[in-house]
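Quick notes on the structure that follows.
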Amino acid sequence: MADSKTQAEASPLVHLIAGPTGVGKSAAATELARETGAPVVVADRLQCFTDLATASARAGAEVPDVQRYWLGDRTVADGDLSATAATDTLVTLVERLTARRGLVIVEGGSISLLRELSARRAALPWRLTVQLMPLPDREEYVAALTRRARTMLAPPPPERGLLAELATIWQDPHQRYFAASVNGFEAVLECCAKYSLDVATLHKRNLPERILARMSALIAERHAEHGILQHQIFTEIFDNRIRTSRFHLGALERAA
């Protein structure tokens, strides 16, 4: 028993920061990475797409003094990345990084990917601890998501906005089904139908504030609905046996 415990304690440690969209997973992972020097792996299928940097919130995630890794650099034209393939990539990447360091931080909110990871946890070659980010009060949550959505629609230059990303994808009829499945794009498409707007030229127009406000509010509502679902599922699949508090920093620093 003692040998088994010693072997387990010697295993690499992976600290997963999971939670709903827009609650600060990236900020929490960045803070912990700076405190421990550990690399961060982003467990998100959508953030693999470099041409959806704004829609997926990948834009702005790279910060000084933090090594952040994504599951790939794809474009929408490459096709979707399945949950199985994404989890395979995640496990392989984490194994490579834990060979260099005792601690790797994983951040993510992809339901299908994290469900698959949880199903494999008994066979993972590392110790896994999980920090679930809390779900804010709904009114506060929607307000924060609305502010974020407004910035995504018209980010500061030279970043491309969500509308420009959607317009680019919309040029290819074969990619429109995928575009309509993305939270954020779906809400914009609904507004385009309501206000008779051309999706392909939407980003070039000086839209009235009332329309931008409606888009922001609708995007926020859809993200909030998805965030509540994420919170429910993550609470179910990551039970108390592997959950931990953010404030167990001493153990994480020792592992690093």
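Following the order of the structure tokens, first chain is A, next is B, and so on, with residues numbered from 1 inside each chain and ligands from 1 in the order they appear.
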
- request: Within stretch 57-134 of chain A, find each residue whose DSSP state, derived from the backbone, is strand (DSSP E), and express the selection as number ranges by chain.
  value: A: 68-69, 103-108, 127-132

Quick one: write out the picked residues with C-alpha atoms as a short mmCIF file (atom, residue, chain, number, x, y, z; two decimals), in the first residue's frame?
```
data_model
loop_
_atom_site.label_atom_id
_atom_site.label_comp_id
_atom_site.auth_asym_id
_atom_site.auth_seq_id
_atom_site.Cartn_x
_atom_site.Cartn_y
_atom_site.Cartn_z
CA ARG A 68 -0.62 28.19 -23.66
CA TYR A 69 -1.26 25.28 -26.02
CA LEU A 103 2.33 19.98 -13.32
CA VAL A 104 0.16 20.84 -16.31
CA ILE A 105 -2.92 23.07 -16.16
CA VAL A 106 -5.87 22.27 -18.41
CA GLU A 107 -8.64 24.79 -18.94
CA GLY A 108 -11.83 24.14 -20.82
CA ARG A 127 -3.21 12.43 -11.10
CA LEU A 128 -6.17 14.60 -12.02
CA THR A 129 -7.60 17.33 -9.83
CA VAL A 130 -10.56 19.40 -10.92
CA GLN A 131 -11.52 22.96 -10.07
CA LEU A 132 -15.08 23.79 -11.12
#
```

query: Using only C-alpha atoms, which residues sit within 10 Å of A:Leu81 once same-chain residues fewer than 3 positions away are excluded, as a PyMOL selection string?
result: chain A and resi 45-46+48-49+71-72+74+76+78+84-87

Keeping only C-alpha atoms, write those residues as a PDB file, in the first residue's frame.
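Saved file out-v9.pdb follows:
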```pdb
ATOM      1  CA  ARG A  45     -12.802  22.016 -29.626  1.00  0.00           C
ATOM      2  CA  LEU A  46     -13.943  25.366 -31.035  1.00  0.00           C
ATOM      3  CA  CYS A  48      -8.857  24.911 -32.494  1.00  0.00           C
ATOM      4  CA  PHE A  49     -10.201  27.056 -35.344  1.00  0.00           C
ATOM      5  CA  LEU A  71      -5.389  21.215 -29.532  1.00  0.00           C
ATOM      6  CA  GLY A  72      -4.527  22.330 -33.035  1.00  0.00           C
ATOM      7  CA  ARG A  74      -7.404  24.313 -37.894  1.00  0.00           C
ATOM      8  CA  VAL A  76     -13.438  25.634 -40.597  1.00  0.00           C
ATOM      9  CA  ASP A  78     -10.708  21.407 -42.329  1.00  0.00           C
ATOM     10  CA  THR A  84     -12.746  11.408 -29.479  1.00  0.00           C
ATOM     11  CA  ALA A  85     -10.073  12.956 -31.693  1.00  0.00           C
ATOM     12  CA  ALA A  86      -9.919  16.064 -29.490  1.00  0.00           C
ATOM     13  CA  THR A  87      -9.496  13.964 -26.345  1.00  0.00           C
TER      14      THR A  87
END
```

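Residue nearest A:Ser26 within the list A:Arg58, A:Arg138, A:Arg147, A:His174: A:Arg58 [criterion: smallest interatomic distance, only C-alpha atoms].
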
Contacts of A:Leu97 at 12 Å or less, counting only C-alpha atoms, minus same-chain residues fewer than 4 places along, as a compact mmCIF listing (two decimals) with N, CA and C atoms, in the first residue's frame?
```
# COMPACT_ATOMS: atom_id res chain seq x y z
N PRO A 12 2.77 12.56 -12.44
CA PRO A 12 2.52 13.97 -12.80
C PRO A 12 1.13 14.39 -12.36
N LEU A 13 0.97 15.67 -12.14
CA LEU A 13 -0.32 16.22 -11.70
C LEU A 13 -0.89 17.10 -12.81
N VAL A 14 -2.15 16.85 -13.14
CA VAL A 14 -2.87 17.68 -14.10
C VAL A 14 -4.03 18.33 -13.34
N ALA A 38 3.70 26.51 -14.64
CA ALA A 38 3.19 25.37 -15.40
C ALA A 38 2.58 25.83 -16.73
N PRO A 39 2.65 24.97 -17.76
CA PRO A 39 2.00 25.30 -19.03
C PRO A 39 0.49 25.09 -18.95
N VAL A 40 -0.23 25.71 -19.86
CA VAL A 40 -1.70 25.61 -19.92
C VAL A 40 -2.10 24.96 -21.25
N VAL A 41 -2.97 23.97 -21.16
CA VAL A 41 -3.53 23.34 -22.36
C VAL A 41 -5.02 23.69 -22.41
N GLN A 67 2.83 29.82 -21.10
CA GLN A 67 2.83 28.93 -22.25
C GLN A 67 1.43 28.33 -22.39
N ARG A 68 0.75 28.69 -23.46
CA ARG A 68 -0.62 28.19 -23.66
C ARG A 68 -0.64 27.38 -24.96
N TYR A 69 -1.21 26.19 -24.88
CA TYR A 69 -1.26 25.28 -26.02
C TYR A 69 -2.71 24.98 -26.37
N LEU A 90 -5.62 15.86 -26.74
CA LEU A 90 -5.39 16.44 -25.41
C LEU A 90 -4.50 15.53 -24.57
N VAL A 91 -4.82 14.24 -24.53
CA VAL A 91 -4.04 13.30 -23.73
C VAL A 91 -2.60 13.22 -24.22
N THR A 92 -2.41 13.16 -25.53
CA THR A 92 -1.06 13.10 -26.09
C THR A 92 -0.26 14.35 -25.75
N LEU A 93 -0.90 15.52 -25.88
CA LEU A 93 -0.22 16.78 -25.58
C LEU A 93 0.13 16.87 -24.11
N ARG A 101 7.54 18.59 -17.09
CA ARG A 101 7.20 19.24 -15.82
C ARG A 101 6.27 18.35 -15.01
N GLY A 102 6.24 18.57 -13.71
CA GLY A 102 5.39 17.76 -12.85
C GLY A 102 3.95 18.22 -12.82
N LEU A 103 3.67 19.42 -13.35
CA LEU A 103 2.33 19.98 -13.32
C LEU A 103 1.95 20.56 -14.66
N VAL A 104 0.74 20.24 -15.11
CA VAL A 104 0.16 20.84 -16.31
C VAL A 104 -1.24 21.32 -15.95
N ILE A 105 -1.58 22.51 -16.39
CA ILE A 105 -2.92 23.07 -16.16
C ILE A 105 -3.74 22.89 -17.43
N VAL A 106 -4.95 22.40 -17.28
CA VAL A 106 -5.87 22.27 -18.41
C VAL A 106 -7.08 23.15 -18.12
N TRP A 126 -1.74 10.08 -15.08
CA TRP A 126 -1.41 11.18 -14.19
C TRP A 126 -2.50 11.33 -13.14
N ALA A 256 4.81 21.35 -9.44
CA ALA A 256 5.45 22.06 -10.54
C ALA A 256 6.96 22.03 -10.44
```

message: List as JSON, numbers by chain the protein and nucleic acid residues near A:Ala18, meaning an atom at most 12 Å away when only C-alpha atoms are counted, but skip any in the same chain fewer than 3 places from it.
response: {"A": [15, 21, 22, 23, 24, 25, 26, 27, 28, 29, 41, 42, 43, 44, 105, 106, 107, 108, 109, 110, 111, 113, 114, 115, 117, 118, 129, 130, 131, 132, 133, 134, 135, 227, 230, 231, 232, 233, 234, 235, 237, 238, 243, 244, 246]}

Output C-alpha atoms of each residue in that selection to a file, as a short mmCIF file (atom, residue, chain, number, x, y, z; two decimals), in the first residue's frame.
```cif
data_model
loop_
_atom_site.label_atom_id
_atom_site.label_comp_id
_atom_site.auth_asym_id
_atom_site.auth_seq_id
_atom_site.Cartn_x
_atom_site.Cartn_y
_atom_site.Cartn_z
CA HIS A 15 -5.09 20.41 -12.68
CA THR A 21 -18.49 29.93 -20.75
CA GLY A 22 -17.47 33.43 -19.75
CA VAL A 23 -16.80 32.87 -16.03
CA GLY A 24 -13.04 33.44 -16.05
CA LYS A 25 -11.46 30.03 -16.74
CA SER A 26 -8.67 31.54 -18.84
CA ALA A 27 -7.92 34.21 -16.24
CA ALA A 28 -7.81 31.60 -13.46
CA ALA A 29 -5.53 29.34 -15.52
CA VAL A 41 -3.53 23.34 -22.36
CA VAL A 42 -6.87 24.57 -23.70
CA ALA A 43 -9.44 21.74 -23.78
CA ASP A 44 -11.81 23.37 -26.23
CA ILE A 105 -2.92 23.07 -16.16
CA VAL A 106 -5.87 22.27 -18.41
CA GLU A 107 -8.64 24.79 -18.94
CA GLY A 108 -11.83 24.14 -20.82
CA GLY A 109 -15.56 24.09 -21.17
CA SER A 110 -16.18 21.71 -24.06
CA ILE A 111 -18.90 19.37 -22.80
CA LEU A 113 -14.45 16.67 -24.72
CA LEU A 114 -14.53 16.81 -20.93
CA ARG A 115 -17.17 14.08 -20.78
CA LEU A 117 -11.88 12.79 -20.64
CA SER A 118 -13.84 11.92 -17.50
CA THR A 129 -7.60 17.33 -9.83
CA VAL A 130 -10.56 19.40 -10.92
CA GLN A 131 -11.52 22.96 -10.07
CA LEU A 132 -15.08 23.79 -11.12
CA MET A 133 -15.62 27.49 -11.63
CA PRO A 134 -18.85 28.67 -9.97
CA LEU A 135 -21.91 29.76 -11.91
CA GLY A 227 -23.29 27.91 -19.52
CA GLN A 230 -22.16 23.15 -18.79
CA HIS A 231 -22.34 23.73 -15.05
CA GLN A 232 -24.92 20.97 -14.57
CA ILE A 233 -22.98 18.42 -16.60
CA PHE A 234 -19.56 19.20 -15.14
CA THR A 235 -20.97 18.92 -11.63
CA ILE A 237 -19.24 14.04 -14.32
CA PHE A 238 -16.55 15.36 -11.98
CA ARG A 243 -12.44 17.78 -7.19
CA THR A 244 -10.25 20.21 -5.34
CA ARG A 246 -8.30 26.54 -6.19
#
```

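By only C-alpha atoms, and with residues fewer than 3 positions from stretch 150-161 of chain A along its chain excluded, the set lying at most 10 Å from it is Asp51, Leu52, Ala53, Thr54, Ala55, Ser56, Ala57, Ala59, Gly60, Leu145, Thr146, Arg147, Ala164, Glu165, Leu166, Gly184, Val188, His203, Leu212, Ala213, Arg214, Met215, Ser216, Ala217, Ile219 and Ala220 of chain A.
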
Preceding selection exported with N, CA and C atoms as a PDB file, in the first residue's frame:
```
ATOM      1  N   ASP A  51      -9.635  30.646 -37.544  1.00  0.00           N
ATOM      2  CA  ASP A  51     -10.486  31.629 -38.229  1.00  0.00           C
ATOM      3  C   ASP A  51     -11.751  31.947 -37.422  1.00  0.00           C
ATOM      4  N   LEU A  52     -11.855  31.382 -36.220  1.00  0.00           N
ATOM      5  CA  LEU A  52     -12.957  31.707 -35.313  1.00  0.00           C
ATOM      6  C   LEU A  52     -12.398  32.229 -33.991  1.00  0.00           C
ATOM      7  N   ALA A  53     -11.324  32.973 -34.071  1.00  0.00           N
ATOM      8  CA  ALA A  53     -10.640  33.407 -32.848  1.00  0.00           C
ATOM      9  C   ALA A  53     -11.534  34.251 -31.952  1.00  0.00           C
ATOM     10  N   THR A  54     -12.352  35.112 -32.544  1.00  0.00           N
ATOM     11  CA  THR A  54     -13.244  35.948 -31.742  1.00  0.00           C
ATOM     12  C   THR A  54     -14.449  35.156 -31.255  1.00  0.00           C
ATOM     13  N   ALA A  55     -15.089  34.414 -32.145  1.00  0.00           N
ATOM     14  CA  ALA A  55     -16.276  33.646 -31.770  1.00  0.00           C
ATOM     15  C   ALA A  55     -15.976  32.614 -30.689  1.00  0.00           C
ATOM     16  N   SER A  56     -14.753  32.075 -30.684  1.00  0.00           N
ATOM     17  CA  SER A  56     -14.388  31.040 -29.714  1.00  0.00           C
ATOM     18  C   SER A  56     -13.697  31.593 -28.481  1.00  0.00           C
ATOM     19  N   ALA A  57     -13.448  32.921 -28.458  1.00  0.00           N
ATOM     20  CA  ALA A  57     -12.732  33.582 -27.360  1.00  0.00           C
ATOM     21  C   ALA A  57     -11.262  33.188 -27.306  1.00  0.00           C
ATOM     22  N   ALA A  59      -9.074  34.686 -29.227  1.00  0.00           N
ATOM     23  CA  ALA A  59      -8.398  35.973 -29.388  1.00  0.00           C
ATOM     24  C   ALA A  59      -8.123  36.593 -28.021  1.00  0.00           C
ATOM     25  N   GLY A  60      -6.912  37.006 -27.820  1.00  0.00           N
ATOM     26  CA  GLY A  60      -6.538  37.661 -26.571  1.00  0.00           C
ATOM     27  C   GLY A  60      -6.128  36.716 -25.461  1.00  0.00           C
ATOM     28  N   LEU A 145     -22.016  38.574 -19.862  1.00  0.00           N
ATOM     29  CA  LEU A 145     -21.974  37.986 -21.199  1.00  0.00           C
ATOM     30  C   LEU A 145     -22.416  38.985 -22.262  1.00  0.00           C
ATOM     31  N   THR A 146     -23.350  39.869 -21.921  1.00  0.00           N
ATOM     32  CA  THR A 146     -23.791  40.898 -22.865  1.00  0.00           C
ATOM     33  C   THR A 146     -22.658  41.876 -23.163  1.00  0.00           C
ATOM     34  N   ARG A 147     -21.939  42.283 -22.137  1.00  0.00           N
ATOM     35  CA  ARG A 147     -20.793  43.178 -22.355  1.00  0.00           C
ATOM     36  C   ARG A 147     -19.733  42.499 -23.220  1.00  0.00           C
ATOM     37  N   ALA A 164     -17.301  39.638 -38.946  1.00  0.00           N
ATOM     38  CA  ALA A 164     -16.394  39.378 -40.063  1.00  0.00           C
ATOM     39  C   ALA A 164     -16.086  37.893 -40.178  1.00  0.00           C
ATOM     40  N   GLU A 165     -15.937  37.215 -39.046  1.00  0.00           N
ATOM     41  CA  GLU A 165     -15.684  35.777 -39.079  1.00  0.00           C
ATOM     42  C   GLU A 165     -16.880  35.030 -39.671  1.00  0.00           C
ATOM     43  N   LEU A 166     -18.075  35.429 -39.276  1.00  0.00           N
ATOM     44  CA  LEU A 166     -19.271  34.794 -39.805  1.00  0.00           C
ATOM     45  C   LEU A 166     -19.402  35.037 -41.300  1.00  0.00           C
ATOM     46  N   GLY A 184     -23.474  32.150 -30.702  1.00  0.00           N
ATOM     47  CA  GLY A 184     -23.025  33.478 -31.114  1.00  0.00           C
ATOM     48  C   GLY A 184     -23.412  33.704 -32.556  1.00  0.00           C
ATOM     49  N   VAL A 188     -26.726  35.793 -34.199  1.00  0.00           N
ATOM     50  CA  VAL A 188     -26.579  36.819 -35.239  1.00  0.00           C
ATOM     51  C   VAL A 188     -27.432  36.467 -36.453  1.00  0.00           C
ATOM     52  N   HIS A 203     -20.711  42.790 -41.720  1.00  0.00           N
ATOM     53  CA  HIS A 203     -19.557  43.371 -41.015  1.00  0.00           C
ATOM     54  C   HIS A 203     -19.103  44.691 -41.621  1.00  0.00           C
ATOM     55  N   LEU A 212     -27.268  46.249 -32.765  1.00  0.00           N
ATOM     56  CA  LEU A 212     -26.102  45.706 -32.068  1.00  0.00           C
ATOM     57  C   LEU A 212     -26.462  45.305 -30.639  1.00  0.00           C
ATOM     58  N   ALA A 213     -27.301  46.123 -30.004  1.00  0.00           N
ATOM     59  CA  ALA A 213     -27.733  45.810 -28.642  1.00  0.00           C
ATOM     60  C   ALA A 213     -28.575  44.537 -28.622  1.00  0.00           C
ATOM     61  N   ARG A 214     -29.442  44.389 -29.618  1.00  0.00           N
ATOM     62  CA  ARG A 214     -30.268  43.184 -29.688  1.00  0.00           C
ATOM     63  C   ARG A 214     -29.403  41.952 -29.936  1.00  0.00           C
ATOM     64  N   MET A 215     -28.431  42.072 -30.836  1.00  0.00           N
ATOM     65  CA  MET A 215     -27.522  40.953 -31.097  1.00  0.00           C
ATOM     66  C   MET A 215     -26.755  40.573 -29.834  1.00  0.00           C
ATOM     67  N   SER A 216     -26.229  41.574 -29.145  1.00  0.00           N
ATOM     68  CA  SER A 216     -25.455  41.318 -27.922  1.00  0.00           C
ATOM     69  C   SER A 216     -26.300  40.609 -26.883  1.00  0.00           C
ATOM     70  N   ALA A 217     -27.543  41.072 -26.705  1.00  0.00           N
ATOM     71  CA  ALA A 217     -28.429  40.481 -25.716  1.00  0.00           C
ATOM     72  C   ALA A 217     -28.778  39.037 -26.072  1.00  0.00           C
ATOM     73  N   ILE A 219     -27.012  36.963 -28.056  1.00  0.00           N
ATOM     74  CA  ILE A 219     -25.800  36.144 -27.892  1.00  0.00           C
ATOM     75  C   ILE A 219     -25.606  35.794 -26.422  1.00  0.00           C
ATOM     76  N   ALA A 220     -25.796  36.783 -25.550  1.00  0.00           N
ATOM     77  CA  ALA A 220     -25.620  36.556 -24.111  1.00  0.00           C
ATOM     78  C   ALA A 220     -26.607  35.530 -23.581  1.00  0.00           C
TER      79      ALA A 220
END
```

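Computed from the coordinates, the atom CA of A:Leu229 to atom CA of A:Ser112 distance equals 12.0 Å.
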
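Take atom CA of A:Asp88 and atom CA of A:Val66: the distance between them is 23.5 Å.
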
- line: Judged by only C-alpha atoms, the minimum distance to A:Ile169 among A:Arg222, A:Lys194, A:Ile17, A:Val199 is found for A:Val199

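For the pair atom CA of A:Val142 and atom CA of A:Ala224, the separation is 6.2 Å.
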
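Among the candidates A:Leu202, A:Cys192, A:Ala149, A:Ala187, the one nearest to A:Thr168 when counting only C-alpha atoms is A:Leu202.
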